[in-house]
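K.L.:
Input structure: work.txt, which contains compact mmCIF, C-alpha atoms.
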```
# COMPACT_ATOMS: atom_id res chain seq x y z
CA MET S 1 13.90 -44.11 -1.00
CA THR S 2 12.76 -42.89 2.42
CA GLU S 3 9.92 -44.49 4.34
CA LYS S 4 7.71 -41.49 3.54
CA ASN S 5 8.45 -41.76 -0.17
CA GLU S 6 7.74 -45.49 -0.07
CA ARG S 7 4.34 -44.86 1.52
CA VAL S 8 3.57 -42.18 -1.09
CA GLY S 9 4.63 -44.47 -3.91
CA ILE S 10 2.40 -47.30 -2.66
CA GLY S 11 -0.56 -44.98 -2.15
CA GLU S 12 -0.21 -43.36 -5.57
CA LYS S 13 0.47 -46.48 -7.61
CA GLY S 14 -2.05 -46.77 -10.44
CA VAL S 15 -3.59 -43.38 -9.69
CA SER S 16 -4.07 -40.95 -12.59
CA GLN S 17 -2.15 -37.68 -12.77
CA TRP S 18 -5.32 -35.63 -12.30
CA ARG S 19 -6.31 -37.54 -9.16
CA LEU S 20 -2.81 -37.10 -7.76
CA ALA S 21 -2.98 -33.38 -8.52
CA TRP S 22 -6.34 -33.14 -6.75
CA ARG S 23 -4.92 -34.88 -3.69
CA ARG S 24 -1.96 -32.52 -3.57
CA PHE S 25 -4.14 -29.49 -4.09
CA ARG S 26 -6.42 -30.42 -1.19
CA ARG S 27 -3.38 -30.46 1.11
CA HIS S 28 -2.43 -26.92 0.06
CA LYS S 29 -4.25 -24.78 2.65
CA VAL S 30 -3.30 -21.43 1.14
CA GLY S 31 -4.37 -22.61 -2.32
CA ARG S 32 -7.73 -23.77 -0.98
CA ALA S 33 -8.21 -20.40 0.71
CA GLY S 34 -7.45 -18.68 -2.59
CA ALA S 35 -9.98 -20.87 -4.40
CA VAL S 36 -12.66 -20.05 -1.81
CA ILE S 37 -11.99 -16.31 -2.10
CA ILE S 38 -12.16 -16.49 -5.90
CA GLY S 39 -15.42 -18.42 -5.65
CA VAL S 40 -16.89 -15.75 -3.36
CA LEU S 41 -15.76 -12.94 -5.68
CA PHE S 42 -17.28 -14.60 -8.73
CA PHE S 43 -20.49 -15.27 -6.78
CA ILE S 44 -20.65 -11.55 -5.98
CA MET S 45 -19.94 -10.74 -9.62
CA ILE S 46 -22.81 -12.91 -10.88
CA PHE S 47 -25.32 -11.47 -8.40
CA ALA S 48 -23.92 -7.93 -8.32
CA GLU S 49 -27.31 -6.21 -8.66
CA PHE S 50 -28.77 -8.42 -5.95
CA PHE S 51 -26.08 -7.32 -3.47
CA SER S 52 -26.23 -3.65 -4.54
CA PRO S 53 -28.71 -1.57 -2.54
CA TYR S 54 -28.71 1.18 -5.19
CA PRO S 55 -28.02 1.45 -8.94
CA HIS S 56 -24.30 2.10 -9.43
CA THR S 57 -25.12 5.26 -11.43
CA GLN S 58 -27.61 6.75 -8.96
CA GLN S 59 -26.47 10.05 -7.49
CA PHE S 60 -27.32 11.39 -4.03
CA ARG S 61 -26.40 15.05 -4.49
CA ASP S 62 -27.01 15.79 -0.80
CA ALA S 63 -24.59 13.03 0.25
CA THR S 64 -21.40 13.72 -1.71
CA TYR S 65 -18.30 12.23 -0.07
CA ALA S 66 -20.42 10.76 2.72
CA PRO S 67 -18.38 8.45 4.98
CA PRO S 68 -19.30 4.78 5.48
CA THR S 69 -22.55 4.42 7.39
CA LYS S 70 -22.23 3.09 10.91
CA ILE S 71 -24.33 0.01 11.63
CA HIS S 72 -25.69 -0.24 15.15
CA ILE S 73 -26.77 -3.40 16.95
CA PHE S 74 -27.35 -1.79 20.37
CA ASP S 75 -30.16 0.68 21.09
CA GLU S 76 -29.99 3.84 23.17
CA ASN S 77 -30.28 1.79 26.37
CA GLY S 78 -27.42 -0.53 25.43
CA ARG S 79 -29.67 -3.49 24.68
CA LEU S 80 -29.00 -5.81 21.74
CA THR S 81 -31.45 -5.14 18.95
CA HIS S 82 -32.02 -5.62 15.24
CA PRO S 83 -29.31 -3.90 13.11
CA PHE S 84 -30.21 -0.33 12.23
CA VAL S 85 -28.71 2.94 11.01
CA TYR S 86 -29.40 6.53 11.94
CA GLY S 87 -30.19 9.31 9.53
CA ILE S 88 -27.41 11.67 8.54
CA LYS S 89 -27.10 15.44 8.81
CA ARG S 90 -24.80 17.44 6.56
CA THR S 91 -23.11 20.67 7.58
CA LEU S 92 -20.61 22.84 5.75
CA ASN S 93 -17.25 23.33 7.43
CA THR S 94 -16.44 26.93 6.48
CA GLU S 95 -12.81 26.59 7.59
CA LEU S 96 -12.00 23.64 5.36
CA TRP S 97 -14.84 24.33 2.88
CA ARG S 98 -16.08 20.79 2.76
CA TRP S 99 -19.20 18.94 3.84
CA GLU S 100 -19.17 17.10 7.15
CA TYR S 101 -21.64 14.45 8.23
CA GLU S 102 -22.99 13.35 11.60
CA GLU S 103 -25.69 10.96 12.73
CA ASP S 104 -29.19 12.26 13.26
CA ARG S 105 -30.29 10.30 16.34
CA SER S 106 -33.89 11.41 15.87
CA GLN S 107 -34.14 9.22 12.75
CA LYS S 108 -33.72 5.47 13.04
CA TYR S 109 -33.96 3.02 10.14
CA PRO S 110 -33.89 -0.77 10.59
CA ILE S 111 -31.81 -2.79 8.14
CA ARG S 112 -33.91 -5.41 6.35
CA PHE S 113 -32.85 -8.37 4.26
CA PHE S 114 -34.36 -9.47 0.95
CA VAL S 115 -36.03 -6.13 0.40
CA ARG S 116 -37.50 -4.60 -2.73
CA GLY S 117 -35.55 -1.91 -4.54
CA PHE S 118 -34.61 -0.89 -8.07
CA GLU S 119 -35.53 -3.31 -10.84
CA TYR S 120 -32.93 -5.38 -12.71
CA LYS S 121 -32.72 -8.62 -14.66
CA LEU S 122 -31.25 -11.61 -12.87
CA PHE S 123 -28.82 -13.39 -15.23
CA GLY S 124 -29.93 -10.78 -17.77
CA LEU S 125 -33.22 -12.65 -18.22
CA ILE S 126 -35.43 -12.68 -15.11
CA PRO S 127 -36.95 -9.30 -14.10
CA THR S 128 -36.88 -8.78 -10.33
CA ASN S 129 -36.40 -6.08 -7.71
CA ILE S 130 -35.28 -8.19 -4.74
CA HIS S 131 -32.05 -7.10 -3.04
CA PHE S 132 -30.01 -8.68 -0.28
CA PHE S 133 -30.33 -5.78 2.13
CA GLY S 134 -31.67 -2.27 2.45
CA VAL S 135 -33.28 0.18 4.85
CA GLU S 136 -36.86 1.19 5.26
CA GLY S 137 -38.44 4.52 4.50
CA ASN S 138 -36.22 7.44 3.58
CA GLY S 139 -33.16 5.96 5.23
CA ARG S 140 -29.88 5.46 3.40
CA ILE S 141 -27.08 3.02 3.93
CA PHE S 142 -23.66 3.55 2.38
CA LEU S 143 -21.49 0.67 3.60
CA PHE S 144 -18.37 2.03 1.88
CA GLY S 145 -19.38 5.68 1.73
CA THR S 146 -20.01 7.71 -1.44
CA ASP S 147 -17.88 9.39 -4.09
CA GLU S 148 -17.70 12.98 -5.32
CA MET S 149 -21.08 12.64 -7.05
CA GLY S 150 -22.84 10.97 -4.15
CA ARG S 151 -22.85 7.50 -5.73
CA ASP S 152 -22.83 4.53 -3.38
CA LEU S 153 -19.29 3.09 -3.44
CA PHE S 154 -20.42 -0.36 -2.28
CA SER S 155 -22.84 -0.72 -5.19
CA ARG S 156 -20.18 0.51 -7.61
CA ILE S 157 -17.65 -2.00 -6.30
CA MET S 158 -20.17 -4.80 -6.71
CA MET S 159 -20.81 -3.81 -10.32
CA GLY S 160 -17.13 -3.09 -10.96
CA SER S 161 -16.31 -6.71 -10.14
CA ARG S 162 -17.81 -7.71 -13.49
CA VAL S 163 -15.17 -5.87 -15.48
CA SER S 164 -12.23 -6.46 -13.16
CA LEU S 165 -12.85 -10.20 -12.77
CA ILE S 166 -14.00 -10.95 -16.32
CA ILE S 167 -11.17 -9.21 -18.13
CA GLY S 168 -8.57 -11.67 -16.78
CA PRO S 169 -10.19 -14.85 -18.16
CA PHE S 170 -11.18 -12.96 -21.32
CA VAL S 171 -7.57 -11.93 -21.99
CA GLN S 172 -6.38 -15.48 -21.33
CA ALA S 173 -9.00 -16.86 -23.72
CA ILE S 174 -7.52 -14.69 -26.49
CA SER S 175 -3.81 -15.04 -25.76
CA LEU S 176 -3.76 -18.75 -24.88
CA PRO S 177 -4.75 -20.08 -28.36
CA ILE S 178 -2.18 -17.77 -29.99
CA ALA S 179 0.59 -18.91 -27.64
CA LEU S 180 -0.43 -22.56 -27.97
CA LEU S 181 -0.55 -22.44 -31.78
CA LEU S 182 2.65 -20.52 -32.47
CA GLY S 183 4.63 -22.05 -29.60
CA GLY S 184 3.48 -25.54 -30.54
CA VAL S 185 4.36 -25.10 -34.21
CA SER S 186 7.76 -23.69 -33.28
CA GLY S 187 8.60 -26.56 -30.94
CA PHE S 188 7.09 -29.40 -32.98
CA TYR S 189 8.52 -28.63 -36.40
CA GLY S 190 11.76 -26.83 -35.48
CA GLY S 191 14.18 -25.82 -38.21
CA GLY S 192 13.61 -22.59 -40.11
CA VAL S 193 10.05 -22.23 -38.77
CA ASP S 194 11.37 -22.39 -35.22
CA MET S 195 14.11 -19.89 -35.98
CA LEU S 196 11.66 -17.40 -37.52
CA LEU S 197 9.08 -17.67 -34.74
CA GLN S 198 11.72 -17.37 -32.03
CA ARG S 199 12.85 -14.05 -33.47
CA VAL S 200 9.23 -12.87 -33.49
CA PHE S 201 8.84 -13.91 -29.84
CA GLU S 202 12.01 -12.06 -28.88
CA ILE S 203 10.97 -8.86 -30.65
CA ILE S 204 7.60 -8.79 -28.91
CA MET S 205 9.11 -9.63 -25.51
CA SER S 206 11.72 -6.88 -25.88
CA ILE S 207 9.09 -4.14 -26.10
CA PRO S 208 8.35 -2.53 -22.68
CA THR S 209 4.86 -3.62 -21.72
CA LEU S 210 3.53 -0.59 -19.87
CA PRO S 211 4.54 2.07 -22.45
CA LEU S 212 3.06 -0.07 -25.21
CA TRP S 213 -0.17 -0.50 -23.23
CA LEU S 214 -0.34 3.26 -22.75
CA ALA S 215 0.30 3.99 -26.41
CA LEU S 216 -2.26 1.48 -27.68
CA GLY S 217 -4.76 2.53 -25.00
CA LEU S 218 -4.51 6.14 -26.14
CA ALA S 219 -4.92 4.99 -29.73
CA LEU S 220 -8.40 3.58 -29.01
CA PRO S 221 -11.02 5.89 -30.53
CA ARG S 222 -12.64 8.14 -27.94
CA GLY S 223 -15.97 7.70 -29.68
CA TRP S 224 -16.13 4.02 -28.80
CA SER S 225 -18.76 2.88 -26.35
CA PRO S 226 -17.59 1.55 -22.95
CA THR S 227 -18.26 -2.00 -24.14
CA MET S 228 -16.09 -1.51 -27.23
CA ARG S 229 -13.33 -0.03 -25.07
CA PHE S 230 -13.50 -3.10 -22.83
CA PHE S 231 -12.99 -5.43 -25.77
CA GLY S 232 -10.30 -3.17 -27.20
CA LEU S 233 -8.47 -3.09 -23.88
CA ALA S 234 -8.67 -6.86 -23.53
CA GLY S 235 -7.41 -7.31 -27.08
CA ILE S 236 -4.43 -5.03 -26.43
CA MET S 237 -3.36 -6.96 -23.32
CA ALA S 238 -3.88 -10.31 -25.04
CA LEU S 239 -1.88 -9.44 -28.15
CA ILE S 240 1.04 -8.17 -26.07
CA GLY S 241 1.18 -10.90 -23.43
CA TRP S 242 1.23 -14.12 -25.46
CA ALA S 243 4.89 -14.18 -26.54
CA GLY S 244 6.39 -15.26 -23.21
CA ARG S 245 3.91 -18.08 -22.83
CA ALA S 246 4.48 -19.18 -26.45
CA ARG S 247 8.17 -19.52 -25.73
CA VAL S 248 7.50 -21.75 -22.73
CA VAL S 249 5.05 -23.83 -24.78
CA ARG S 250 7.74 -24.21 -27.42
CA GLY S 251 10.18 -25.57 -24.85
CA VAL S 252 7.65 -28.04 -23.41
CA VAL S 253 6.62 -29.28 -26.86
CA LEU S 254 10.28 -29.63 -27.84
CA ALA S 255 10.85 -31.85 -24.82
CA ILE S 256 7.72 -33.95 -25.35
CA ARG S 257 8.50 -34.42 -29.05
CA SER S 258 11.71 -36.25 -28.17
CA MET S 259 10.19 -38.61 -25.60
CA ASP S 260 9.90 -42.33 -26.20
CA PHE S 261 6.11 -42.51 -26.39
CA THR S 262 6.04 -39.79 -29.07
CA GLU S 263 8.73 -41.55 -31.10
CA ALA S 264 6.87 -44.84 -30.72
CA ALA S 265 3.66 -43.26 -32.02
CA ARG S 266 5.53 -41.84 -35.01
CA ALA S 267 7.13 -45.24 -35.70
CA ALA S 268 3.67 -46.84 -35.58
CA GLY S 269 2.57 -44.58 -38.43
CA ALA S 270 0.72 -41.85 -36.54
CA ASN S 271 0.53 -38.56 -38.43
CA ASP S 272 1.45 -35.17 -36.96
CA LEU S 273 -2.13 -34.25 -36.09
CA ARG S 274 -2.70 -37.45 -34.14
CA ILE S 275 0.58 -37.07 -32.26
CA ILE S 276 -0.29 -33.50 -31.34
CA VAL S 277 -3.86 -34.28 -30.23
CA ARG S 278 -3.22 -37.59 -28.46
CA HIS S 279 0.22 -37.08 -26.94
CA ILE S 280 1.40 -33.48 -26.85
CA VAL S 281 -1.72 -31.51 -25.91
CA PRO S 282 -2.66 -33.77 -22.94
CA ASN S 283 0.86 -33.38 -21.54
CA LEU S 284 0.57 -29.61 -21.93
CA ALA S 285 -2.76 -29.41 -20.07
CA SER S 286 -1.29 -29.11 -16.58
CA TYR S 287 1.07 -26.31 -17.61
CA LEU S 288 -1.71 -24.43 -19.39
CA ILE S 289 -4.00 -24.58 -16.36
CA VAL S 290 -1.30 -23.19 -14.10
CA SER S 291 -0.24 -20.59 -16.68
CA VAL S 292 -3.77 -19.27 -17.14
CA THR S 293 -4.36 -19.08 -13.39
CA LEU S 294 -1.15 -17.14 -12.83
CA GLY S 295 -1.81 -14.94 -15.88
CA ILE S 296 -5.20 -13.65 -14.73
CA PRO S 297 -3.78 -11.40 -11.95
CA GLY S 298 -1.58 -9.65 -14.52
CA ALA S 299 -4.62 -8.79 -16.62
CA ILE S 300 -6.49 -7.50 -13.55
CA ILE S 301 -3.56 -5.26 -12.60
CA GLY S 302 -3.14 -4.13 -16.21
CA GLU S 303 -6.77 -3.07 -16.54
CA SER S 304 -6.69 -1.40 -13.13
CA GLY S 305 -3.55 0.52 -14.04
CA LEU S 306 -4.88 1.74 -17.38
CA SER S 307 -8.25 2.70 -15.87
CA PHE S 308 -6.46 4.47 -13.02
CA LEU S 309 -4.54 6.52 -15.60
CA GLY S 310 -7.80 7.37 -17.39
CA ILE S 311 -7.24 5.44 -20.63
CA GLY S 312 -9.02 2.22 -19.73
CA ILE S 313 -12.65 1.59 -18.83
CA SER S 314 -14.88 4.67 -19.05
CA GLU S 315 -18.22 5.67 -17.56
CA PRO S 316 -20.95 4.52 -17.29
CA MET S 317 -19.13 1.15 -17.18
CA VAL S 318 -17.22 0.80 -13.94
CA SER S 319 -14.24 -1.23 -12.76
CA TRP S 320 -12.17 -1.38 -9.59
CA GLY S 321 -9.33 0.45 -11.31
CA LEU S 322 -11.65 3.24 -12.43
CA LEU S 323 -13.00 3.58 -8.89
CA LEU S 324 -9.49 3.66 -7.47
CA SER S 325 -8.62 6.52 -9.82
CA LYS S 326 -10.79 8.79 -7.66
CA ALA S 327 -8.12 8.54 -4.95
CA ASN S 328 -5.36 10.00 -7.09
CA ASN S 329 -3.78 12.50 -4.71
CA ALA S 330 -2.72 12.71 -1.09
CA ALA S 331 -5.28 15.37 -0.15
CA THR S 332 -8.20 13.27 -1.36
CA ILE S 333 -6.89 10.16 0.39
CA GLN S 334 -6.41 12.06 3.63
CA SER S 335 -9.91 13.56 3.54
CA TYR S 336 -11.79 10.57 2.11
CA PRO S 337 -9.80 7.38 2.87
CA TRP S 338 -12.73 5.10 1.99
CA LEU S 339 -12.04 5.79 -1.70
CA LEU S 340 -9.11 3.36 -1.35
CA ILE S 341 -11.46 0.43 -0.68
CA PRO S 342 -11.51 -0.67 -4.37
CA GLY S 343 -7.75 -1.15 -4.07
CA VAL S 344 -8.36 -3.66 -1.29
CA PHE S 345 -10.56 -5.71 -3.63
CA ILE S 346 -7.88 -5.59 -6.34
CA THR S 347 -5.24 -6.76 -3.86
CA VAL S 348 -7.39 -9.58 -2.50
CA ALA S 349 -8.32 -10.81 -5.99
CA VAL S 350 -4.72 -10.76 -7.23
CA LEU S 351 -3.43 -12.55 -4.12
CA ALA S 352 -6.18 -15.17 -4.34
CA PHE S 353 -5.36 -15.99 -7.97
CA ASN S 354 -1.65 -16.13 -7.14
CA PHE S 355 -2.31 -18.48 -4.21
CA LEU S 356 -4.44 -20.69 -6.43
CA GLY S 357 -1.82 -20.66 -9.18
CA ASP S 358 0.96 -21.60 -6.78
CA ALA S 359 -1.14 -24.44 -5.39
CA LEU S 360 -1.91 -25.78 -8.87
CA ARG S 361 1.76 -25.53 -9.85
CA ASP S 362 2.74 -27.58 -6.80
CA ALA S 363 -0.11 -30.03 -7.39
CA PHE S 364 0.95 -30.78 -10.96
CA ASP S 365 4.67 -31.00 -10.12
CA PRO S 366 5.58 -34.67 -10.80
CA PHE S 367 8.59 -34.47 -8.49
CA ARG S 368 6.68 -33.10 -5.53
CA VAL S 369 6.38 -35.46 -2.55
CA VAL S 370 3.12 -35.17 -0.61
```
Let me see the structure of the file written as structure tokens.

P.N.:
Amino acid sequence: MTEKNERVGIGEKGVSQWRLAWRRFRRHKVGRAGAVIIGVLFFIMIFAEFFSPYPHTQQFRDATYAPPTKIHIFDENGRLTHPFVYGIKRTLNTELWRWEYEEDRSQKYPIRFFVRGFEYKLFGLIPTNIHFFGVEGNGRIFLFGTDEMGRDLFSRIMMGSRVSLIIGPFVQAISLPIALLLGGVSGFYGGGVDMLLQRVFEIIMSIPTLPLWLALGLALPRGWSPTMRFFGLAGIMALIGWAGRARVVRGVVLAIRSMDFTEAARAAGANDLRIIVRHIVPNLASYLIVSVTLGIPGAIIGESGLSFLGIGISEPMVSWGLLLSKANNAATIQSYPWLLIPGVFITVAVLAFNFLGDALRDAFDPFRVV
């Protein structure tokens, strides 16, 4: 054993597995960054209406496809001042037949924080109309521009975070118990039960995921409300994605079942339920945490892909994938590049969950030297 390993062994002697994992995780800079980003995204999700200057369904018909509003911190004389925006003027370009926008320097609107705006219910319970920022008077501020109906893209991204971030944990909450139950039964009892369940796992895993998603997504009744479509979409992804995890659970349970402490418990007269609850499930906990963390990005991408193709989330509910579907051709992207901003949020969220998952995997690795 090297001198470094000796120091690690002395420092970790008598320390629980969870404390060791926490120590290793704190040393993983990329994983910590991912955790911070995820925390910020979920904070935005919880207080989405507070950060939204306008309702996500409100339409500004005289500001369709308006570009992101420029924020100024210097006045006309070049002196530093309170942040403000100018008014906007719209003119029709008769050559390209599209609206063009320019600043109206005769109108100046200061940006204020903790202003009053549209009413909403904080946490779904407390009525309020306080918002993080806004402009005074008849001014407008579109941080990320507007879409084809003049709806504020920033407000829609804030509200879309609720679907795009919630669907991942929701899918995992459905698929994890299925994988844990069937994979655990297959690995613990073996024999004919194991043989039967393994064939079921293989059949499900052999089906191409994306075509099956598309087929089941199209099979959802068009008359369903957006909320029902959300639950239907989550159920589809959960029922398709559990087989691979169940197979891994089966392998882990098979290994734990043969270990000395499990055999000792069985020799001492412990029944199957006690062995599963006291010995197998605790040793599966670290894998399950890592598996769920790494599985959430797949659900986010799946929902975004289906919504982008028009068979996922529907209006008036909004998600990042649905917003990204507005940028579905090269001409639109070239003319209105800000419509790609929801894709940036999808990328950041997926990367953050992957960073966190990698950090947790390294933290729970018993052979990792820190």

K.L.:
Please measure the separation of CA of Gly217 in chain S and CA of Glu303 in chain S, giving the value in Å to one decimal.

P.N.:
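Distance reported for this atom pair: 10.3 Å.
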
K.L.:
Report, in Å to a single decimal, how far apart CA of Phe51 in chain S and CA of Pro110 in chain S are.

P.N.:
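Going from CA of Pro110 in chain S over to CA of Phe51 in chain S covers 17.4 Å.
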
K.L.:
List every residue of range 65-107 of chain S that has an atom at most 10 Å from any atom of range 335-359 of chain S, and for each one report the closest atom pair and its distance in Å to one decimal, counting only C-alpha atoms, with rows sorted by chain and then by increasing residue number, as CSV.

P.N.:
```
residue,atom,partner,partner_atom,distance
S:Tyr65,CA,S:Tyr336,CA,7.1
S:Ala66,CA,S:Tyr336,CA,8.7
S:Pro67,CA,S:Trp338,CA,7.2
S:Pro68,CA,S:Trp338,CA,7.4
S:Arg98,CA,S:Ser335,CA,9.5
```

K.L.:
Output the selection as a compact mmCIF listing (two decimals), in the coordinates of the input - C-alpha atoms for each residue.

P.N.:
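Result went into selection.txt, see below:
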```txt
# COMPACT_ATOMS: atom_id res chain seq x y z
CA TYR S 65 -18.30 12.23 -0.07
CA ALA S 66 -20.42 10.76 2.72
CA PRO S 67 -18.38 8.45 4.98
CA PRO S 68 -19.30 4.78 5.48
CA ARG S 98 -16.08 20.79 2.76
```

K.L.:
Pick out the residues sitting within 10 Å of Glu315 in chain S, and hand them over as a compact mmCIF listing (two decimals) with C-alpha atoms, in the frame of the given file; count all atoms listed in the file, and ignore anything fewer than 5 positions along from it in its own chain.

P.N.:
```txt
# COMPACT_ATOMS: atom_id res chain seq x y z
CA THR S 57 -25.12 5.26 -11.43
CA SER S 225 -18.76 2.88 -26.35
CA PRO S 226 -17.59 1.55 -22.95
CA LEU S 322 -11.65 3.24 -12.43
```

K.L.:
Let me make sure I understand: among S:Trp320, S:Phe74, S:Phe60, S:Phe170, which one has the smallest atom-to-atom distance to Asp152 in chain S if we use only C-alpha atoms?

P.N.:
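Result for the nearest residue to Asp152 in chain S: S:Phe60.
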
K.L.:
Show me the residues close to (-28.0, 7.3, -14.0) - anything with an atom within 12 Å, counting all atoms listed in the file - and format the list as a CSV table (one decimal) with C-alpha atoms, keeping the file's coordinate frame.

P.N.:
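Full text of part-v2.csv as output:
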```csv
chain,number,residue,atom,x,y,z
S,54,TYR,CA,-28.7,1.2,-5.2
S,55,PRO,CA,-28.0,1.4,-8.9
S,56,HIS,CA,-24.3,2.1,-9.4
S,57,THR,CA,-25.1,5.3,-11.4
S,58,GLN,CA,-27.6,6.8,-9.0
S,59,GLN,CA,-26.5,10.0,-7.5
S,60,PHE,CA,-27.3,11.4,-4.0
S,149,MET,CA,-21.1,12.6,-7.0
S,150,GLY,CA,-22.8,11.0,-4.2
S,151,ARG,CA,-22.8,7.5,-5.7
S,315,GLU,CA,-18.2,5.7,-17.6
S,316,PRO,CA,-21.0,4.5,-17.3
S,317,MET,CA,-19.1,1.2,-17.2
```

K.L.:
Could you state the separation of CA of Ile256 in chain S and CA of Arg19 in chain S in Å, given to one decimal place?

P.N.:
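Result for CA of Ile256 in chain S versus CA of Arg19 in chain S: 21.7 Å, one decimal.
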
K.L.:
What lies within 10 Å of Arg247 in chain S using only C-alpha atoms, ignoring chain neighbours under 5 positions off, as a list in words?

P.N.:
Ala179, Leu180, Leu182, Gly183, Gly184, Ser186, Gly187, Leu197, Gln198, Phe201, Glu202, Met205, Trp242, Val252 and Val253 of chain S

K.L.:
For each of S:Thr64, S:Phe114, S:Thr332, S:Val318, take the minimum atom-to-atom distance to Thr91 in chain S, counting all atoms listed in the file, then give the residue where this is smallest.

P.N.:
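Under the stated criterion, the closest residue is S:Thr64.
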
K.L.:
Taking (-5.6, -19.1, -18.7) in the file's coordinates, which residues come within 9 Å, counting all atoms listed in the file, written as a list of chain:residue names?

P.N.:
S:Gly168, S:Pro169, S:Phe170, S:Val171, S:Gln172, S:Ala173, S:Ser175, S:Leu176, S:Leu288, S:Ile289, S:Val290, S:Ser291, S:Val292, S:Thr293, S:Leu294, S:Gly295, S:Ile296

K.L.:
Got a sec: who's within 7 Å of Val85 in chain S, counting all atoms listed in the file, leaving out chain neighbours fewer than 3 positions off, as a list in words?

P.N.:
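The residues satisfying every condition are Lys70, Ile71, His72, Lys108, Tyr109 and Pro110 of chain S.
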
K.L.:
Of the residues S:Ile111, S:Met228, S:Ile301, S:Thr69, which is the one nearest to Thr81 in chain S, using all atoms listed in the file?

P.N.:
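Nearest candidate to Thr81 in chain S out of S:Ile111, S:Met228, S:Ile301, S:Thr69: S:Ile111.
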
K.L.:
Please provide as a list in words all residues within 10 Å of range 279-287 of chain S, with the sequence filter that same-chain residues fewer than 5 positions apart are discarded (counting all atoms listed in the file).

P.N.:
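In the requested form, the answer reads Gln17, Trp18, Ala21, Leu180, Gly184, Phe188, Val248, Val249, Val252, Val253, Leu254, Ala255, Ile256, Arg257, Phe261, Thr262, Ala265, Leu273, Arg274, Val292, Thr293, Leu360, Arg361, Ala363, Phe364 and Asp365 of chain S.
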
K.L.:
Rank nothing, just name the residue among S:Leu92, S:Ile207, S:Met158, S:Leu239 nearest to Ile178 in chain S, using only C-alpha atoms.

P.N.:
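Closest residue, counting only C-alpha atoms: S:Leu239.
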
K.L.:
Mind working out the centre and edge lengths of an axis-aligned box for range 99-107 of chain S, all listed atoms inside, 5 Å added to each side, rounded to one decimal in Å and written as lines of an AutoDock Vina configuration file?

P.N.:
```
center_x = -26.7
center_y = 14.1
center_z = 10.1
size_x = 25.0
size_y = 19.7
size_z = 22.5
```

K.L.:
I need the residue nearest Leu306 in chain S from this list: S:Ser206, S:Pro83, S:Trp213, S:Arg266. Use all atoms listed in the file for the distance.

P.N.:
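Among the listed residues, S:Trp213 lies closest to Leu306 in chain S.
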